[in-house]
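What follows is a set of notes on a single structure, which appears directly below.
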Amino acid sequence: MKHWLSVLCLLVAASLVMTACAPAATPAPAAPAAPAAPAATAVPAATAVPPTAAPTNTPEPTAVPATPTAAAPTPVAVVPAEALSQKGHLLICSDLPYPPQEFFDDNGDPTGLDIEIGTEIGSRLGLKVQIVNSVFDTIIAAVSSGKCDIIISAQNITADRQKQVSMIPYFKAGQSFVVTKGNPNKISTALDLCGQPVAAESGTTEVDHLNGTGDYKKDGGLPAACIKAGKKAPSTVVTQKDSDALQQLQANKVVAYFTDSPVAGYYTVQHPDQFEVAGDVVDAVAEGISIPCGVADCTKAPLSPLGQSVQTALKSMITDGAYGKILDKWKLANGAVTLP
């Protein structure tokens with residue numbers, strides 16, 4: 001779901017369910033139905049299965065079927081059967097809700113930018129798609145253990161993640177701080193968050209930035225910037241789901257909710273009477289489709305046969321315009337990438 005400097009904005013909204021990781025809060029607004037799609041390449045059926053367990057204390061999954069659609073076209077690449085967790089299926093780990101990239105529609109079916117891109121990739125590989133709803137903090141462990149075949153879940157491409165999985169760029173986004181309408185705490189720059197409680201989802205680069213960990217360990221992230229300015233470090237409220245972090249803001253338990261810019265924009269556009277984005281979008285970085293590489297360090301490892309097939313399918317989508325149509329549908333055309 002993440003780097004930053006200033007602050008970000010763009011598109012977001014979804015059903016918000018509090019977990020044991022975060023204090024109880026008033027239920028957040030339900031995500032509206034997805035916008036109507038323009039004419040585009042047919043998208044096949046997708047089935048959602050629940051959060052994959054990884055390490056301990058991960059919620060058990062519950063299957064959520066999706067509405068069947070058109071038949072798959074002739075495959076652009078053949079995936080070796082041994083490369084898949086289930087014969088004839090492409091299992092995609094994704095952390096729902098994280099609108100507009102992945103969330104449930106009014107019928108309880110998975111939808112969003114990432115879901116449509118993943119489903120189209122599966123269709124072009126002649127595979128039926130299942131969406132495996134996963135906890136972001138353990139999503140790499142899930143794909144590495146065979147709970148799913150690939151990850152499409154707004155994962156920023158970072159050095160740490162590239163050691164664990166191969167990552168194919170498919171989108172780019174920045175990050176933003178969401179505040180309550182009217183910006184009562186007058187948040188305009190990152191330093192305005194010093195000494196203040198800020199919510200973000202576990203396992204994200206937003207949390208790393210707020211805590212000075214992960215890719216921000218070298219420069220110390222926001223805590224180091226605050227201390228240099230003679231202020232206290234921010235107090236990070238870490239939640240299991242991104243929707244829980246938004247609920248922390250809605251319940252006035254934090255002064256801001258830190259998330260990817262498409263997500264921030266979606267919530268503020270859908271609920272302009274409740275939320276707004278403070279400051280500017282910063283640190284636009286590429287997000288990647290993650291695939292196991294089969295070795296201890298994936299940094300320089302070649303793409304696996306499955307990874308090569310996924311990349312071929314994505315390239316074909318970019319070439320024939322299907323990729324652009326999906327981005328246009330979700331009003332995220334400014335996040336488009338090109339592949340060599």
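Residues are named by chain letter and number: chains run A, B, ... in the order of the structure tokens, numbers start at 1 in each chain, and ligands are numbered from 1 in the order shown.
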Counting only C-alpha atoms, give me one row per residue of segment 197-295 of chain A with an atom at most 12 Å from an atom of segment 130-135 of chain A, showing the shortest contact pair and its distance in Å to one decimal, sorted by chain then residue number, as a Markdown table.
```
| residue | atom | partner | partner_atom | distance |
| --- | --- | --- | --- | --- |
| A:Glu201 | CA | A:Val135 | CA | 9.8 |
| A:Ser202 | CA | A:Val135 | CA | 8.8 |
| A:Gly203 | CA | A:Val135 | CA | 9.0 |
| A:Thr204 | CA | A:Val135 | CA | 11.0 |
| A:Thr239 | CA | A:Val135 | CA | 10.7 |
| A:Gln240 | CA | A:Val135 | CA | 7.1 |
| A:Lys241 | CA | A:Val135 | CA | 7.1 |
| A:Asp242 | CA | A:Val135 | CA | 9.8 |
| A:Ser243 | CA | A:Val135 | CA | 11.9 |
```
For this session: Determine, counting only C-alpha atoms, which protein, DNA and RNA residues have an atom within 7 Å of an atom of segment 283-300 of chain A; residues of the same chain fewer than 5 positions away are not included. Present the result as an MDAnalysis selection string.
Result: chainID A and resid 3:5 143:144 149:152 154:157 162:175 307
Problem set entry | Exercise: Val79 of chain A partners within 12 Å, only C-alpha atoms, chain neighbours under 5 positions left out, as a list in words | Leu84, Ser85, Gln86, Lys87, Gly88, His89, Leu90, Ile121, Gly122, Ser123, Arg124, Leu125, Gly126, Leu127, Asp149, Ser304, Pro305, Leu306, Gly307, Gln308, Ser309, Val310, Gln311, Thr312 and Ala313 of chain A
Within segment 179-340 of chain A, find each residue whose DSSP state, derived from the backbone, is strand (DSSP E or B), and express the selection as a CSV table (one decimal) with C-alpha atoms, in the first residue's frame.
```csv
chain,number,residue,atom,x,y,z
A,179,VAL,CA,-7.1,14.9,8.1
A,180,THR,CA,-10.6,15.7,9.2
A,197,PRO,CA,-0.4,10.8,17.0
A,198,VAL,CA,-0.6,9.6,13.4
A,199,ALA,CA,-2.2,6.3,12.1
A,200,ALA,CA,-1.0,4.0,9.4
A,201,GLU,CA,-1.3,0.3,8.4
A,235,SER,CA,3.5,8.9,17.9
A,236,THR,CA,2.6,6.2,15.4
A,237,VAL,CA,-0.7,4.3,15.8
A,238,VAL,CA,-0.2,1.1,13.8
A,239,THR,CA,-3.3,-0.8,12.7
A,256,ALA,CA,-3.8,12.4,10.6
A,257,TYR,CA,-4.0,9.1,8.7
A,258,PHE,CA,-1.0,8.4,6.4
A,259,THR,CA,-1.7,6.3,3.3
A,260,ASP,CA,-1.0,6.1,-0.5
A,275,PHE,CA,-12.0,14.3,5.2
A,276,GLU,CA,-9.4,16.3,3.3
A,277,VAL,CA,-5.8,15.9,2.3
A,278,ALA,CA,-3.2,18.1,4.1
A,279,GLY,CA,-0.2,19.2,2.1
A,280,ASP,CA,1.1,17.9,-1.2
A,281,VAL,CA,1.6,14.5,-2.7
A,282,VAL,CA,5.2,13.4,-2.3
A,283,ASP,CA,7.6,10.7,-3.3
A,284,ALA,CA,5.8,9.1,-6.2
A,285,VAL,CA,7.3,5.7,-6.6
A,286,ALA,CA,6.6,2.5,-8.6
A,287,GLU,CA,4.4,-0.2,-7.2
A,288,GLY,CA,5.1,-3.8,-8.2
A,289,ILE,CA,3.6,-7.2,-8.8
A,290,SER,CA,5.4,-9.6,-6.5
A,291,ILE,CA,6.4,-13.1,-7.5
```
Problem set entry | Distance query Leu332 of chain A at most 12 Å, only C-alpha atoms, self and fewer than 6 positions along chain excluded, as a ChimeraX atom specification | /A:10-12,99-101,112-114,171-173,261-263,265-266,323-326
Save the residues we just selected, N, CA and C atoms, as a PDB file, in the first residue's frame?
```pdb
ATOM      1  N   LEU A  10      -4.991  11.918  -3.366  1.00  0.00           N
ATOM      2  CA  LEU A  10      -5.576  11.330  -4.596  1.00  0.00           C
ATOM      3  C   LEU A  10      -6.833  10.575  -4.254  1.00  0.00           C
ATOM      4  N   LEU A  11      -7.015   9.329  -4.653  1.00  0.00           N
ATOM      5  CA  LEU A  11      -8.341   8.745  -4.620  1.00  0.00           C
ATOM      6  C   LEU A  11      -8.547   7.617  -3.613  1.00  0.00           C
ATOM      7  N   VAL A  12      -9.679   7.486  -2.705  1.00  0.00           N
ATOM      8  CA  VAL A  12      -9.904   6.392  -1.741  1.00  0.00           C
ATOM      9  C   VAL A  12     -11.309   6.276  -1.140  1.00  0.00           C
ATOM     10  N   PRO A  99      -9.191   0.935  -1.130  1.00  0.00           N
ATOM     11  CA  PRO A  99      -9.736   1.534  -2.342  1.00  0.00           C
ATOM     12  C   PRO A  99      -8.931   2.760  -2.763  1.00  0.00           C
ATOM     13  N   PRO A 100      -8.838   3.063  -4.040  1.00  0.00           N
ATOM     14  CA  PRO A 100      -9.548   2.404  -5.150  1.00  0.00           C
ATOM     15  C   PRO A 100      -8.779   1.249  -5.766  1.00  0.00           C
ATOM     16  N   GLN A 101      -7.713   0.782  -5.104  1.00  0.00           N
ATOM     17  CA  GLN A 101      -6.915  -0.275  -5.724  1.00  0.00           C
ATOM     18  C   GLN A 101      -7.443  -1.672  -5.447  1.00  0.00           C
ATOM     19  N   GLY A 112     -11.621  -2.960  -8.003  1.00  0.00           N
ATOM     20  CA  GLY A 112     -10.586  -1.930  -7.880  1.00  0.00           C
ATOM     21  C   GLY A 112      -9.526  -2.073  -8.957  1.00  0.00           C
ATOM     22  N   LEU A 113      -8.640  -1.109  -9.025  1.00  0.00           N
ATOM     23  CA  LEU A 113      -7.582  -1.080 -10.038  1.00  0.00           C
ATOM     24  C   LEU A 113      -6.749  -2.356 -10.034  1.00  0.00           C
ATOM     25  N   ASP A 114      -6.202  -2.724  -8.875  1.00  0.00           N
ATOM     26  CA  ASP A 114      -5.330  -3.900  -8.795  1.00  0.00           C
ATOM     27  C   ASP A 114      -6.075  -5.183  -9.145  1.00  0.00           C
ATOM     28  N   PHE A 171       2.421   0.248 -11.687  1.00  0.00           N
ATOM     29  CA  PHE A 171       1.705   1.474 -11.325  1.00  0.00           C
ATOM     30  C   PHE A 171       2.655   2.323 -10.502  1.00  0.00           C
ATOM     31  N   LYS A 172       2.377   3.626 -10.390  1.00  0.00           N
ATOM     32  CA  LYS A 172       3.176   4.452  -9.486  1.00  0.00           C
ATOM     33  C   LYS A 172       2.254   5.394  -8.712  1.00  0.00           C
ATOM     34  N   ALA A 173       2.641   5.661  -7.459  1.00  0.00           N
ATOM     35  CA  ALA A 173       1.825   6.513  -6.592  1.00  0.00           C
ATOM     36  C   ALA A 173       2.701   7.147  -5.531  1.00  0.00           C
ATOM     37  N   SER A 261      -1.405   7.943  -1.957  1.00  0.00           N
ATOM     38  CA  SER A 261      -2.182   9.054  -2.501  1.00  0.00           C
ATOM     39  C   SER A 261      -3.474   8.627  -3.207  1.00  0.00           C
ATOM     40  N   PRO A 262      -3.503   7.498  -3.968  1.00  0.00           N
ATOM     41  CA  PRO A 262      -4.785   7.115  -4.568  1.00  0.00           C
ATOM     42  C   PRO A 262      -5.846   6.807  -3.519  1.00  0.00           C
ATOM     43  N   VAL A 263      -5.421   6.199  -2.412  1.00  0.00           N
ATOM     44  CA  VAL A 263      -6.350   5.866  -1.337  1.00  0.00           C
ATOM     45  C   VAL A 263      -6.844   7.142  -0.661  1.00  0.00           C
ATOM     46  N   GLY A 265      -6.979  10.147  -1.894  1.00  0.00           N
ATOM     47  CA  GLY A 265      -7.861  10.862  -2.807  1.00  0.00           C
ATOM     48  C   GLY A 265      -9.239  10.243  -2.882  1.00  0.00           C
ATOM     49  N   TYR A 266      -9.306   8.920  -2.866  1.00  0.00           N
ATOM     50  CA  TYR A 266     -10.588   8.227  -2.982  1.00  0.00           C
ATOM     51  C   TYR A 266     -11.497   8.563  -1.795  1.00  0.00           C
ATOM     52  N   TYR A 323      -4.661  -1.906 -20.537  1.00  0.00           N
ATOM     53  CA  TYR A 323      -4.092  -1.361 -19.297  1.00  0.00           C
ATOM     54  C   TYR A 323      -4.535   0.089 -19.115  1.00  0.00           C
ATOM     55  N   GLY A 324      -4.415   0.886 -20.168  1.00  0.00           N
ATOM     56  CA  GLY A 324      -4.807   2.293 -20.082  1.00  0.00           C
ATOM     57  C   GLY A 324      -6.282   2.461 -19.795  1.00  0.00           C
ATOM     58  N   LYS A 325      -7.124   1.608 -20.353  1.00  0.00           N
ATOM     59  CA  LYS A 325      -8.560   1.704 -20.114  1.00  0.00           C
ATOM     60  C   LYS A 325      -8.902   1.428 -18.656  1.00  0.00           C
ATOM     61  N   ILE A 326      -8.205   0.469 -18.045  1.00  0.00           N
ATOM     62  CA  ILE A 326      -8.450   0.175 -16.631  1.00  0.00           C
ATOM     63  C   ILE A 326      -8.054   1.375 -15.774  1.00  0.00           C
TER      64      ILE A 326
END
```
For this session: State, in Å with one decimal place, the distance from atom CA of Phe104 of chain A to atom CA of Val129 of chain A.
Result: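 Separation between atom CA of Phe104 of chain A and atom CA of Val129 of chain A: 15.7 Å.
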